[in-house]
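> Can you read through this structure? Questions will come right after.
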Amino acid sequence: MSAFPEGFCWGVATSAYQIEGSPLADGAGPSIWHRFAHTPGHIADGETGNIACNHYQRYLEDIGLLHELGVNAYRFSIAWGRVLPEGRGAINRKGLGFYQRLVDALLERGISPVITLYHWDLPMALQDRGGWINPDSPQWFADYAEVLFRTFADRVTSWITINEPWVIAVLGHLEGRHAPGWRDPSAAARVGHHLLLAHAAAVASYRTLGHGQIGIALNLEPQHPAYPKAADLLAAQRRDAFVNRWFLDALFLASYPIELAQIFGPAWPKFGAVALDQIHYPGDFIGVNYYTRARVAAAPEAKPLGAICLPPPREKSTAMGWEIYPEGLGEVLGWFKERYGNPRVLITENGAAFADPAPCAGLVLDPQRIVYLRSHLRAAAQALAAGVDLGGYFVWSLMDNFEWAEGYSKRFGLYWVDRQTLQRYPKSSAHFYRSVIATQGAVL
Ligand SMILES: OC[C@@H]1[C@@H](O)[C@H](O)[C@@H](O)c2[nH]c(CCc3ccccc3)c[n+]21
């Protein structure tokens, strides 16, 4: 019996800076990740996205891999700086042309493009104007989005405005582990708000220019008390507000969790009713990027949350040190049915990095990834059967790529990429996923 309905959206996901390479080709303007990666000390092994998977040149071959998998959708992001080298103003027709060729080639293969407008690679020219802390940033984003809505209005009907505003605000502006590498709580709080305003402005623009579906993609992670202690439960609840409800409550309830003012202290702006009403904009669907859960222990000295996350046992961990916890996907999906009015949800990222072996006779054996994907797909099927309005599932990722601060050392792909030759090799998980799609999940 098929676990998923006919018409279920089966895809894989990538992002521009992680796979394209050629960051400055054909008039493209550099992004903040180009600058961040070229600044020594930020990326493992001193790697950059200069080459990545050279998808900019090899995109037709990669569409062949999508066809081989049998996906009916492909989630990818557009590099803002290719289209608008200065972030605003003049359009770079060569840059836009790459994405027009990519979209047309996908459509020819019967693969629906799902375009992420922003997957972290802000044009440096805009960062030089303050980036996302600039109150003009929502308008910059809406103007950029409008260029793409007008270009693709007739061909693309699925859009994701922003990938993971929490990671942009926290890893990019509070912890400094991601571009632009800031460590400023007040900036992080304002960036989070401006990203929500930017999302709302793009959704409003799409309502006049497009006739498809538009949403935002959030990284969501259940926060469980490490031990059955009141202090750990309170720490987990605080971290749940910080990681999950910051953006979920803003989008669906037009309110920020009260814990955020306690966590950020005086750095948390005094948002008024108007500001909160402006971010009340869930869009047509919510993208869920699910990987793992956190086991949270109280740690009063660990400011500002007073919490730490305990590492999972090695035998239950991926190469990223994240716990393999498929039950957490069902938990997260259940939030939408229980708390937020059961909106349409897409699993826009789910996957894992493992220490994959090199290819043997053209195939990479990755049994651990098959176990990971099967267990999470089963959890998705159970959520669907329980009434969650789940419309699709995207594996992160099509192929091994630039894993941000980890460089190329962490491999998430269904296809293994030889870092010397850039040759793509299928992993056994690619064949597994192909069989899942072909049987609508009956093989699970
Ligand atoms: O880390 C795997 C993927 C990234 O390659 C994607 O670009 C990004 O959308 C994405 N988000 C998450 C979960 C949140 C997270 C992001 C970065 C680092 C650690 C956790 C995992 N991933």
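Residues in the structure tokens are named by chain (A, B, ... in the order shown) and by number from 1 within that chain; ligands are numbered from 1 in the order shown.
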Name the residues, by chain letter and number, that sit within 8 Å of ligand 1 using only C-alpha atoms and all ligand atoms, and give them as a CSV table (one decimal) with C-alpha atoms, in the first residue's frame.


chain,number,residue,atom,x,y,z
A,14,THR,CA,20.6,22.3,-2.8
A,15,SER,CA,21.7,25.9,-2.5
A,18,GLN,CA,27.1,25.3,-1.9
A,119,HIS,CA,19.9,30.9,1.1
A,163,ASN,CA,16.0,29.7,4.2
A,164,GLU,CA,16.3,29.5,8.0
A,167,VAL,CA,20.5,30.4,11.4
A,171,LEU,CA,24.9,31.8,13.5
A,219,ASN,CA,15.0,24.8,10.8
A,220,LEU,CA,13.0,23.2,13.6
A,289,ASN,CA,14.2,21.6,7.6
A,290,TYR,CA,14.5,18.7,10.1
A,291,TYR,CA,17.7,16.9,11.0
A,320,MET,CA,27.9,16.2,12.2
A,349,GLU,CA,15.3,19.5,4.0
A,351,GLY,CA,19.2,14.2,5.4
A,352,ALA,CA,22.5,13.3,7.1
A,353,ALA,CA,26.2,13.3,6.7
A,396,TRP,CA,19.2,17.3,1.7
A,397,SER,CA,21.1,17.0,-0.6
A,401,ASN,CA,28.7,20.0,-1.5
A,402,PHE,CA,30.2,23.0,0.4
A,403,GLU,CA,28.9,22.4,4.0
A,404,TRP,CA,29.5,26.0,5.1
A,412,PHE,CA,25.2,15.0,2.7

> Within 8 Å of A:Ala405, counting only C-alpha atoms, which residues show up once you throw out same-chain ones fewer than 5 positions away? Write them as number ranges by chain, please.

A: 42-44, 177-178

> Pick out each residue of stretch 109-225 of chain A that DSSP on the backbone tags as strand (DSSP E); I need them as a list of chain:residue names.

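Strand (DSSP E) members of stretch 109-225 of chain A, listed: A:Ser112, A:Pro113, A:Val114, A:Ile115, A:Thr116, A:Leu117, A:Tyr118, A:Ser158, A:Trp159, A:Ile160, A:Thr161, A:Ile162, A:Asn163, A:Gln213, A:Ile214, A:Gly215, A:Ile216, A:Ala217, A:Leu218, A:Asn219, A:Gln223, A:His224, A:Pro225.
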
> Quick one: residues within 9 Å of A:Lys427, only C-alpha atoms counted, chain neighbours fewer than 4 positions away excluded, as a ChimeraX atom specification?

/A:356,359,362-366,413-416,431-432

> Excluding same-chain residues fewer than 5 positions from stretch 88-97 of chain A, what lies within 7 Å of it counting only C-alpha atoms, as a list in words?

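Listed by chain and then number, they are Asp26, Gly27, Ala28, Arg82, Val83, Trp140 and Tyr144 of chain A.
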
> Please, which residues of stretch 180-408 of chain A, numbered as in this document, come out helix (DSSP H, G or I) from DSSP, as a ChimeraX atom specification?

/A:185-209,230-253,259-267,273-278,314-316,327-338,367-385,404-406

> Write out as a list of chain:residue names each polymer residue whose atoms come within 9 Å of stretch 2-6 of chain A, counting only C-alpha atoms; drop sequence neighbours fewer than 4 positions from it.

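The contact residues come out as A:Arg378, A:Ala381, A:Gln382, A:Leu384, A:Ala385, A:Thr439, A:Gln440, A:Gly441, A:Ala442, A:Val443, A:Leu444.
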
> With N, CA, C and O atoms retained, write the just-selected residues as an mmCIF file, in the first residue's frame.


data_model
loop_
_atom_site.group_PDB
_atom_site.id
_atom_site.type_symbol
_atom_site.label_atom_id
_atom_site.label_comp_id
_atom_site.auth_asym_id
_atom_site.auth_seq_id
_atom_site.Cartn_x
_atom_site.Cartn_y
_atom_site.Cartn_z
ATOM 1 N N ARG A 378 9.336 7.100 7.139
ATOM 2 C CA ARG A 378 8.253 6.410 7.868
ATOM 3 C C ARG A 378 7.574 7.382 8.835
ATOM 4 O O ARG A 378 6.345 7.414 8.954
ATOM 5 N N ALA A 381 5.329 9.561 6.850
ATOM 6 C CA ALA A 381 4.111 8.853 6.443
ATOM 7 C C ALA A 381 3.134 8.756 7.615
ATOM 8 O O ALA A 381 1.924 8.940 7.452
ATOM 9 N N GLN A 382 3.676 8.524 8.810
ATOM 10 C CA GLN A 382 2.802 8.439 10.002
ATOM 11 C C GLN A 382 2.135 9.780 10.289
ATOM 12 O O GLN A 382 0.952 9.856 10.613
ATOM 13 N N LEU A 384 1.461 12.091 8.100
ATOM 14 C CA LEU A 384 0.456 12.274 7.040
ATOM 15 C C LEU A 384 -0.820 11.505 7.403
ATOM 16 O O LEU A 384 -1.920 12.050 7.365
ATOM 17 N N ALA A 385 -0.635 10.269 7.854
ATOM 18 C CA ALA A 385 -1.795 9.433 8.225
ATOM 19 C C ALA A 385 -2.529 10.015 9.438
ATOM 20 O O ALA A 385 -3.735 9.829 9.593
ATOM 21 N N THR A 439 7.593 3.896 -5.939
ATOM 22 C CA THR A 439 6.504 3.112 -5.333
ATOM 23 C C THR A 439 5.629 3.971 -4.414
ATOM 24 O O THR A 439 4.825 3.430 -3.645
ATOM 25 N N GLN A 440 5.830 5.299 -4.456
ATOM 26 C CA GLN A 440 5.074 6.216 -3.550
ATOM 27 C C GLN A 440 5.221 5.770 -2.086
ATOM 28 O O GLN A 440 4.268 5.842 -1.299
ATOM 29 N N GLY A 441 6.390 5.233 -1.777
ATOM 30 C CA GLY A 441 6.651 4.880 -0.388
ATOM 31 C C GLY A 441 6.261 3.466 -0.015
ATOM 32 O O GLY A 441 6.410 3.072 1.145
ATOM 33 N N ALA A 442 5.793 2.682 -0.960
ATOM 34 C CA ALA A 442 5.361 1.314 -0.622
ATOM 35 C C ALA A 442 6.548 0.470 -0.119
ATOM 36 O O ALA A 442 6.371 -0.439 0.685
ATOM 37 N N VAL A 443 7.795 0.819 -0.560
ATOM 38 C CA VAL A 443 8.940 -0.016 -0.157
ATOM 39 C C VAL A 443 9.383 0.249 1.280
ATOM 40 O O VAL A 443 10.238 -0.443 1.805
ATOM 41 N N LEU A 444 8.846 1.298 1.912
ATOM 42 C CA LEU A 444 9.347 1.705 3.254
ATOM 43 C C LEU A 444 9.057 0.632 4.308
ATOM 44 O O LEU A 444 8.081 -0.007 4.315
#
